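K.L.:
Structure file target_21.cif (mmCIF, C-alpha atoms) is given on the next line.
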data_run
loop_
_atom_site.group_PDB
_atom_site.id
_atom_site.type_symbol
_atom_site.label_atom_id
_atom_site.label_comp_id
_atom_site.auth_asym_id
_atom_site.auth_seq_id
_atom_site.Cartn_x
_atom_site.Cartn_y
_atom_site.Cartn_z
ATOM 1 C CA MET A 1 88.506 77.602 109.821
ATOM 2 C CA LYS A 2 89.943 80.817 111.149
ATOM 3 C CA ILE A 3 92.536 82.880 109.325
ATOM 4 C CA ASN A 4 94.212 86.150 110.046
ATOM 5 C CA LEU A 5 93.412 88.449 107.128
ATOM 6 C CA ASN A 6 95.055 91.860 107.103
ATOM 7 C CA ASN A 7 95.481 91.657 110.864
ATOM 8 C CA ASN A 8 91.840 90.731 111.495
ATOM 9 C CA GLU A 9 90.682 87.290 112.587
ATOM 10 C CA VAL A 10 88.162 85.956 110.072
ATOM 11 C CA SER A 11 86.040 82.812 110.551
ATOM 12 C CA MET A 12 85.040 80.938 107.419
ATOM 13 C CA ALA A 13 82.869 77.887 106.758
ATOM 14 C CA GLY A 14 85.160 75.293 105.160
ATOM 15 C CA GLU A 15 88.534 73.604 105.618
ATOM 16 C CA SER A 16 90.571 75.345 102.954
ATOM 17 C CA PHE A 17 90.266 77.682 99.996
ATOM 18 C CA SER A 18 92.479 78.457 97.064
ATOM 19 C CA VAL A 19 93.836 81.978 97.011
ATOM 20 C CA ARG A 20 91.527 82.755 94.116
ATOM 21 C CA GLU A 21 88.481 81.520 96.042
ATOM 22 C CA LEU A 22 89.506 83.415 99.130
ATOM 23 C CA LEU A 23 89.960 86.703 97.264
ATOM 24 C CA ALA A 24 86.534 86.298 95.644
ATOM 25 C CA LEU A 25 84.896 85.497 98.989
ATOM 26 C CA MET A 26 86.550 88.493 100.629
ATOM 27 C CA LYS A 27 85.606 90.718 97.707
ATOM 28 C CA PHE A 28 89.124 91.726 96.758
ATOM 29 C CA THR A 29 88.217 92.741 93.261
ATOM 30 C CA PHE A 30 90.904 95.129 92.031
ATOM 31 C CA PRO A 31 92.990 93.636 89.232
ATOM 32 C CA MET A 32 96.325 94.443 90.862
ATOM 33 C CA ILE A 33 96.874 92.912 94.232
ATOM 34 C CA VAL A 34 99.767 91.721 96.372
ATOM 35 C CA VAL A 35 99.025 88.533 98.294
ATOM 36 C CA LYS A 36 101.279 87.204 101.035
ATOM 37 C CA ILE A 37 100.565 84.011 102.932
ATOM 38 C CA ASN A 38 102.559 83.496 106.113
ATOM 39 C CA GLY A 39 104.971 86.114 104.817
ATOM 40 C CA ARG A 40 105.510 84.547 101.382
ATOM 41 C CA LEU A 41 104.455 86.320 98.223
ATOM 42 C CA VAL A 42 101.979 84.404 96.047
ATOM 43 C CA GLY A 43 102.060 85.319 92.372
ATOM 44 C CA LYS A 44 98.912 85.584 90.288
ATOM 45 C CA GLU A 45 99.842 82.406 88.384
ATOM 46 C CA ASP A 46 99.671 80.451 91.670
ATOM 47 C CA TYR A 47 96.239 81.615 92.855
ATOM 48 C CA ASP A 48 94.634 78.249 91.982
ATOM 49 C CA ARG A 49 97.547 76.153 93.241
ATOM 50 C CA VAL A 50 98.114 77.687 96.668
ATOM 51 C CA PHE A 51 95.608 76.966 99.431
ATOM 52 C CA VAL A 52 94.813 78.790 102.632
ATOM 53 C CA GLY A 53 93.878 76.836 105.748
ATOM 54 C CA ASP A 54 93.205 77.219 109.442
ATOM 55 C CA GLY A 55 95.618 79.517 111.253
ATOM 56 C CA ASP A 56 97.187 80.987 108.140
ATOM 57 C CA ASN A 57 98.254 84.590 108.076
ATOM 58 C CA VAL A 58 97.034 86.269 104.891
ATOM 59 C CA ASP A 59 97.836 89.773 103.712
ATOM 60 C CA ALA A 60 96.119 91.157 100.639
ATOM 61 C CA ILE A 61 96.917 94.645 99.439
ATOM 62 C CA HIS A 62 95.222 96.454 96.611
ATOM 63 C CA LEU A 63 97.621 98.344 94.398
ATOM 64 C CA ILE A 64 95.911 101.527 93.396
ATOM 65 C CA SER A 65 96.995 103.587 90.406
ATOM 66 C CA GLY A 66 98.308 107.086 91.050
ATOM 67 C CA GLY A 67 101.752 108.391 91.745
ATOM 68 C CA MET B 68 130.806 105.559 115.878
ATOM 69 C CA LYS B 69 129.377 107.171 112.774
ATOM 70 C CA SER B 70 126.741 109.759 113.403
ATOM 71 C CA LYS B 71 123.311 109.146 111.926
ATOM 72 C CA LEU B 72 123.750 111.949 109.426
ATOM 73 C CA GLU B 73 127.091 110.570 108.289
ATOM 74 C CA LYS B 74 125.313 107.277 107.758
ATOM 75 C CA LEU B 75 122.855 109.021 105.420
ATOM 76 C CA ARG B 76 125.706 110.443 103.375
ATOM 77 C CA GLY B 77 126.914 106.901 102.756
ATOM 78 C CA THR B 78 123.464 105.660 101.736
ATOM 79 C CA CYS B 79 122.169 104.903 98.245
ATOM 80 C CA ILE B 80 118.412 105.042 97.655
ATOM 81 C CA GLY B 81 116.673 104.191 94.379
ATOM 82 C CA ILE B 82 113.578 105.962 93.113
ATOM 83 C CA ALA B 83 111.532 104.187 90.448
ATOM 84 C CA GLY B 84 109.487 106.839 88.702
ATOM 85 C CA CYS B 85 109.926 110.618 88.873
ATOM 86 C CA GLY B 86 106.330 111.851 88.860
ATOM 87 C CA GLY B 87 104.329 113.123 91.827
ATOM 88 C CA LEU B 88 105.655 110.581 94.312
ATOM 89 C CA GLY B 89 109.175 110.214 92.952
ATOM 90 C CA SER B 90 110.077 113.868 92.419
ATOM 91 C CA ASN B 91 108.798 114.965 95.831
ATOM 92 C CA CYS B 92 110.327 111.956 97.606
ATOM 93 C CA ALA B 93 113.689 112.568 95.943
ATOM 94 C CA MET B 94 113.740 116.211 97.018
ATOM 95 C CA ALA B 95 112.905 115.257 100.620
ATOM 96 C CA LEU B 96 115.685 112.656 100.678
ATOM 97 C CA ALA B 97 118.109 115.137 99.104
ATOM 98 C CA ARG B 98 117.350 117.799 101.712
ATOM 99 C CA ALA B 99 117.716 115.208 104.472
ATOM 100 C CA GLY B 100 121.223 114.470 103.225
ATOM 101 C CA VAL B 101 121.101 111.086 101.490
ATOM 102 C CA GLY B 102 124.419 110.785 99.646
ATOM 103 C CA THR B 103 123.411 108.894 96.504
ATOM 104 C CA LEU B 104 120.090 108.892 94.680
ATOM 105 C CA VAL B 105 119.435 106.621 91.697
ATOM 106 C CA ILE B 106 116.468 108.002 89.761
ATOM 107 C CA ALA B 107 114.685 106.398 86.803
ATOM 108 C CA ASP B 108 111.885 107.562 84.513
ATOM 109 C CA PHE B 109 111.278 107.618 80.749
ATOM 110 C CA ASP B 110 108.948 110.631 80.692
ATOM 111 C CA SER B 111 109.311 114.368 80.055
ATOM 112 C CA VAL B 112 107.911 117.234 82.110
ATOM 113 C CA THR B 113 104.549 118.609 80.938
ATOM 114 C CA LEU B 114 102.641 121.698 82.012
ATOM 115 C CA GLU B 115 99.990 119.457 83.598
ATOM 116 C CA ASN B 116 102.648 117.817 85.806
ATOM 117 C CA LEU B 117 103.244 121.097 87.627
ATOM 118 C CA ASP B 118 100.078 120.630 89.691
ATOM 119 C CA ARG B 119 101.901 118.177 91.959
ATOM 120 C CA GLN B 120 105.346 117.272 90.679
ATOM 121 C CA TYR B 121 108.589 118.950 91.766
ATOM 122 C CA TYR B 122 109.349 120.726 88.497
ATOM 123 C CA PHE B 123 109.131 124.280 87.221
ATOM 124 C CA ARG B 124 107.687 126.066 84.192
ATOM 125 C CA ASP B 125 111.025 126.474 82.463
ATOM 126 C CA GLN B 126 111.566 122.700 82.677
ATOM 127 C CA VAL B 127 108.521 121.763 80.577
ATOM 128 C CA GLY B 128 109.710 119.483 77.773
ATOM 129 C CA GLN B 129 112.853 118.348 79.595
ATOM 130 C CA LYS B 130 113.433 114.723 80.541
ATOM 131 C CA LYS B 131 112.197 114.278 84.102
ATOM 132 C CA VAL B 132 115.371 112.578 85.300
ATOM 133 C CA LEU B 133 117.515 115.477 84.070
ATOM 134 C CA ALA B 134 115.178 118.147 85.425
ATOM 135 C CA LEU B 135 115.030 116.401 88.800
ATOM 136 C CA LYS B 136 118.805 116.079 88.965
ATOM 137 C CA GLU B 137 119.058 119.807 88.277
ATOM 138 C CA ASN B 138 116.580 120.584 91.082
ATOM 139 C CA ILE B 139 118.358 118.297 93.548
ATOM 140 C CA HIS B 140 121.673 119.957 92.740
ATOM 141 C CA LYS B 141 120.166 123.414 93.243
ATOM 142 C CA VAL B 142 119.601 122.323 96.850
ATOM 143 C CA ASN B 143 122.791 120.307 97.328
ATOM 144 C CA PRO B 144 125.391 119.961 94.567
ATOM 145 C CA ASP B 145 127.297 117.301 96.523
ATOM 146 C CA ILE B 146 124.626 114.629 96.143
ATOM 147 C CA ASP B 147 125.546 111.895 93.664
ATOM 148 C CA VAL B 148 122.492 111.678 91.390
ATOM 149 C CA GLN B 149 122.557 108.755 88.944
ATOM 150 C CA VAL B 150 119.950 109.172 86.200
ATOM 151 C CA HIS B 151 118.377 106.459 84.062
ATOM 152 C CA ASP B 152 116.149 107.600 81.216
ATOM 153 C CA VAL B 153 114.428 104.251 80.794
ATOM 154 C CA CYS B 154 111.088 102.455 81.084
ATOM 155 C CA LEU B 155 111.642 100.019 83.934
ATOM 156 C CA GLY B 156 110.954 96.296 83.670
ATOM 157 C CA PRO B 157 112.223 93.515 85.958
ATOM 158 C CA ASP B 158 115.648 93.331 84.248
ATOM 159 C CA GLU B 159 116.198 97.085 84.477
ATOM 160 C CA VAL B 160 115.130 97.116 88.139
ATOM 161 C CA LEU B 161 117.648 94.378 88.959
ATOM 162 C CA HIS B 162 120.437 96.168 87.124
ATOM 163 C CA ILE B 163 119.832 99.832 87.935
ATOM 164 C CA PHE B 164 119.055 99.487 91.640
ATOM 165 C CA LYS B 165 121.550 96.757 92.551
ATOM 166 C CA ASN B 166 123.593 99.077 94.769
ATOM 167 C CA CYS B 167 120.608 100.640 96.539
ATOM 168 C CA GLN B 168 119.709 99.672 100.097
ATOM 169 C CA VAL B 169 116.156 100.942 99.718
ATOM 170 C CA ILE B 170 114.003 101.304 96.583
ATOM 171 C CA VAL B 171 111.057 103.702 96.476
ATOM 172 C CA GLU B 172 108.221 102.662 94.165
ATOM 173 C CA ALA B 173 106.865 105.848 92.605
ATOM 174 C CA PHE B 174 105.035 104.630 89.531
ATOM 175 C CA ASP B 175 101.646 105.805 88.372
ATOM 176 C CA ARG B 176 100.234 102.531 87.046
ATOM 177 C CA ALA B 177 99.143 99.720 89.360
ATOM 178 C CA ASP B 178 100.596 96.980 87.115
ATOM 179 C CA MET B 179 104.017 98.653 87.325
ATOM 180 C CA LYS B 180 103.694 98.836 91.119
ATOM 181 C CA LEU B 181 103.018 95.092 91.194
ATOM 182 C CA MET B 182 105.960 94.428 88.866
ATOM 183 C CA ILE B 183 108.523 96.160 91.043
ATOM 184 C CA ILE B 184 107.103 94.797 94.303
ATOM 185 C CA GLU B 185 107.308 91.242 92.944
ATOM 186 C CA THR B 186 110.793 91.807 91.537
ATOM 187 C CA VAL B 187 112.246 93.297 94.709
ATOM 188 C CA THR B 188 110.561 90.966 97.215
ATOM 189 C CA GLU B 189 111.629 87.876 95.245
ATOM 190 C CA ARG B 190 114.994 88.846 93.791
ATOM 191 C CA PHE B 191 116.281 91.431 96.270
ATOM 192 C CA PRO B 192 115.214 89.967 99.651
ATOM 193 C CA ASP B 193 117.998 91.906 101.369
ATOM 194 C CA LYS B 194 116.671 95.265 100.160
ATOM 195 C CA PHE B 195 113.547 97.199 101.110
ATOM 196 C CA ILE B 196 110.820 98.378 98.740
ATOM 197 C CA ILE B 197 108.579 101.265 99.810
ATOM 198 C CA ALA B 198 105.454 101.519 97.663
ATOM 199 C CA GLY B 199 102.669 104.087 97.455
ATOM 200 C CA SER B 200 99.084 102.941 97.052
ATOM 201 C CA GLY B 201 95.985 105.105 97.409
ATOM 202 C CA LEU B 202 96.659 108.846 97.318
ATOM 203 C CA ALA B 203 94.064 110.440 95.032
ATOM 204 C CA GLY B 204 91.854 113.359 96.019
ATOM 205 C CA TYR B 205 92.022 115.515 99.115
ATOM 206 C CA GLY B 206 91.340 115.381 102.843
ATOM 207 C CA ALA B 207 91.161 112.212 104.964
ATOM 208 C CA ASN B 208 94.593 112.855 106.480
ATOM 209 C CA ASN B 209 94.248 110.055 108.958
ATOM 210 C CA ALA B 210 93.415 107.435 106.331
ATOM 211 C CA LEU B 211 97.013 107.679 105.121
ATOM 212 C CA ARG B 212 99.168 105.110 106.883
ATOM 213 C CA THR B 213 102.116 102.773 106.530
ATOM 214 C CA ARG B 214 101.887 99.024 106.555
ATOM 215 C CA ARG B 215 104.841 96.626 106.648
ATOM 216 C CA LEU B 216 105.039 93.116 105.194
ATOM 217 C CA GLY B 217 108.612 91.853 105.519
ATOM 218 C CA ASN B 218 110.816 93.930 103.229
ATOM 219 C CA LEU B 219 107.776 95.680 101.713
ATOM 220 C CA PHE B 220 106.268 98.871 103.071
ATOM 221 C CA ILE B 221 103.037 100.338 101.661
ATOM 222 C CA CYS B 222 102.222 104.019 102.211
ATOM 223 C CA GLY B 223 98.793 105.451 101.407
ATOM 224 C CA ASP B 224 95.145 104.735 102.131
ATOM 225 C CA GLU B 225 95.022 101.610 99.900
ATOM 226 C CA THR B 226 91.654 102.692 98.484
ATOM 227 C CA SER B 227 91.633 106.084 96.710
ATOM 228 C CA GLU B 228 91.967 105.419 92.990
ATOM 229 C CA VAL B 229 92.763 108.169 90.543
ATOM 230 C CA THR B 230 89.732 108.994 88.373
ATOM 231 C CA PRO B 231 88.721 112.083 86.378
ATOM 232 C CA GLU B 232 86.615 113.154 89.376
ATOM 233 C CA LEU B 233 89.326 112.281 91.893
ATOM 234 C CA PRO B 234 92.656 113.422 90.471
ATOM 235 C CA PRO B 235 95.940 113.234 92.335
ATOM 236 C CA LEU B 236 96.481 116.594 94.039
ATOM 237 C CA ALA B 237 99.658 118.109 95.414
ATOM 238 C CA PRO B 238 98.964 117.916 99.168
ATOM 239 C CA ARG B 239 97.971 114.262 99.409
ATOM 240 C CA VAL B 240 100.567 113.101 96.864
ATOM 241 C CA GLY B 241 103.154 115.135 98.758
ATOM 242 C CA VAL B 242 102.164 113.584 102.073
ATOM 243 C CA VAL B 243 102.554 110.050 100.718
ATOM 244 C CA ALA B 244 105.863 110.943 99.039
ATOM 245 C CA ALA B 245 107.092 112.343 102.363
ATOM 246 C CA MET B 246 105.879 109.203 104.167
ATOM 247 C CA GLN B 247 107.948 107.116 101.751
ATOM 248 C CA ALA B 248 111.001 109.307 102.312
ATOM 249 C CA ASN B 249 110.459 109.213 106.064
ATOM 250 C CA GLN B 250 110.213 105.426 106.007
ATOM 251 C CA ALA B 251 113.413 105.202 103.979
ATOM 252 C CA LEU B 252 115.225 107.308 106.600
ATOM 253 C CA GLU B 253 113.975 105.082 109.414
ATOM 254 C CA ILE B 254 115.203 101.968 107.602
ATOM 255 C CA VAL B 255 118.658 103.459 107.140
ATOM 256 C CA MET B 256 119.030 105.255 110.475
ATOM 257 C CA ASP B 257 117.787 102.339 112.577
ATOM 258 C CA ASP B 258 119.460 99.534 110.555
ATOM 259 C CA MET B 259 116.145 97.778 110.050
ATOM 260 C CA GLU B 260 116.324 94.116 108.989
ATOM 261 C CA PRO B 261 114.382 93.139 105.837
ATOM 262 C CA ALA B 262 113.395 89.701 107.118
ATOM 263 C CA ALA B 263 112.153 90.852 110.496
ATOM 264 C CA GLY B 264 108.838 92.349 111.466
ATOM 265 C CA ASP B 265 106.489 90.727 109.009
ATOM 266 C CA ASP B 266 102.876 91.786 109.138
ATOM 267 C CA VAL B 267 103.375 94.789 111.342
ATOM 268 C CA TRP B 268 100.800 97.554 111.222
ATOM 269 C CA GLU B 269 102.021 100.967 112.088
ATOM 270 C CA GLU B 270 99.415 103.375 113.327
#
I'd like the structure from this file rewritten - as structure tokens, please.
P.N.:
Amino acid sequence: MKINLNNNEVSMAGESFSVRELLALMKFTFPMIVVKINGRLVGKEDYDRVFVGDGDNVDAIHLISGG
Amino acid sequence: MKSKLEKLRGTCIGIAGCGGLGSNCAMALARAGVGTLVIADFDSVTLENLDRQYYFRDQVGQKKVLALKENIHKVNPDIDVQVHDVCLGPDEVLHIFKNCQVIVEAFDRADMKLMIIETVTERFPDKFIIAGSGLAGYGANNALRTRRLGNLFICGDETSEVTPELPPLAPRVGVVAAMQANQALEIVMDDMEPAAGDDVWEE
């Protein structure tokens, strides 16, 4: 499948992944992260329930301390 | 037709946190002529804060919201500054910022950043939230950028974490604070729509 991750096309072996699996595969490791799929925010409690498939638009943003 | 500057006078912008990002962003918005600023923080000014935050030596020990209001009014006494000496959670965000068109996230901690982003994107879909993420250290001017996801803007490099070796320093914190203020002005001046323009990268 192909997804659009942070404005880059990414090809992956497989039909679909949970958000949690996707973040692990893409090495998004910071504890605080904003995930949007096709423009909708996905909360941490839904990482195992929400799946990403071919053509989906995924944005993942690390929230970094400091301000 | 109202001029753009008149429009700013009628605008209310919320600032969540009055540290390095919040104090500098508030001063930029005040100088630009934003009519109402709603500022919130629970902290007091320390000597260490003076390395990057918009406070002065004689304000050490004062509540940040009161010191910041004083500094804003030294520049422009006509600005309506509403202060909230409080530690923000979702309920406080929904109450304190309900009349703001734009909310600037200016917290230090990443979990607080996530809290306000989730609260505003889910509960205030008609408002904008402008967050800062990745501003520690020095240099790398061109790594600092703005990214838009619906009603959420993120300013910063999205990578530089504050550590003992890589503290937040005035220039880079100030740049990101000014980027947030600049983004807020664009939203107001150009009547940007929260729902439009998802997943837009701005170079």
K.L.:
For Val153 (chain B), which residue out of B:Glu225, B:Glu232, B:Glu260, B:Asp108 is the nearest one, using only C-alpha atoms?
P.N.:
B:Asp108
K.L.:
Identify all chain A residues at most 10 Å from chain B by counting all atoms listed in the file; ligands do not count. Present them as a list in words.
P.N.:
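Filtering chain A at 10 Å from chain B with all atoms listed in the file gives Asn6, Asn7, Phe30, Pro31, Met32, Ile33, Val34, Lys36, Asn38, Gly39, Arg40, Leu41, Val42, Gly43, Asn57, Val58, Asp59, Ile61, His62, Leu63, Ile64, Ser65, Gly66 and Gly67 of chain A.
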K.L.:
Fewer than 3 positions away in the same chain doesn't count, so skip those; otherwise give me all residues within 8 Å of region 1-3 of chain A, counting all atoms listed in the file, as a ChimeraX atom specification.
P.N.:
/A:9-16,53-58
K.L.:
Between B:Cys167, B:Ala245, B:Ala107, B:Leu96, which is the closest to Asn143 (chain B) once you count all atoms listed in the file?
P.N.:
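Among B:Cys167, B:Ala245, B:Ala107, B:Leu96, it is B:Leu96 that comes nearest to Asn143 (chain B).
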K.L.:
Using Å and a single decimal, report how far CA of Cys79 (chain B) sits from CA of Glu137 (chain B).
P.N.:
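Going from CA of Glu137 (chain B) over to CA of Cys79 (chain B) covers 18.2 Å.
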K.L.:
Work out how far apart CA of Gly81 (chain B) and CA of Leu133 (chain B) are and give it in Å to one decimal.
P.N.:
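Interatomic distance here is 15.3 Å.
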K.L.:
Quick one: residues within 12 Å of Ala251 (chain B), only C-alpha atoms, excluding same-chain residues fewer than 4 positions away - as a ChimeraX atom specification?
P.N.:
/B:75,78-82,92-93,95-96,99,101,167-172,194-198,213,218-222,244-247,255-259
K.L.:
Applied to the shown file, which residues does the PyMOL selection byres ((chain A and resi 47-52) around 6) return, written as a list of chain:residue names?
P.N.:
A:Ser16, A:Phe17, A:Ser18, A:Val19, A:Arg20, A:Lys44, A:Glu45, A:Asp46, A:Gly53
K.L.:
What does the distance from CA of Asn4 (chain A) to CA of Val187 (chain B) come to in Å, to one decimal?
P.N.:
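For CA of Asn4 (chain A) relative to CA of Val187 (chain B), the distance reads 24.7 Å.
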K.L.:
Would you mind telling me which residue in B:His162, B:Arg98, B:His140, B:Arg190 lies nearest to Leu72 (chain B) when using only C-alpha atoms?
P.N.:
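Smallest separation from Leu72 (chain B) among the options: B:Arg98.
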K.L.:
Please define a box with edges along x, y and z of the file around all atoms of region 104-121 of chain B given in the file, extend it by 3 Å on each side, and return its centre and edge lengths in Å to one decimal, as AutoDock Vina command-line options.
P.N.:
--center_x 110.0 --center_y 114.0 --center_z 87.4 --size_x 26.1 --size_y 21.3 --size_z 20.6
K.L.:
Between B:Leu155, B:Ile183, B:Val242, B:Ile146, which one has atoms that come closest to Gly206 (chain B), using all atoms listed in the file?
P.N.:
B:Val242
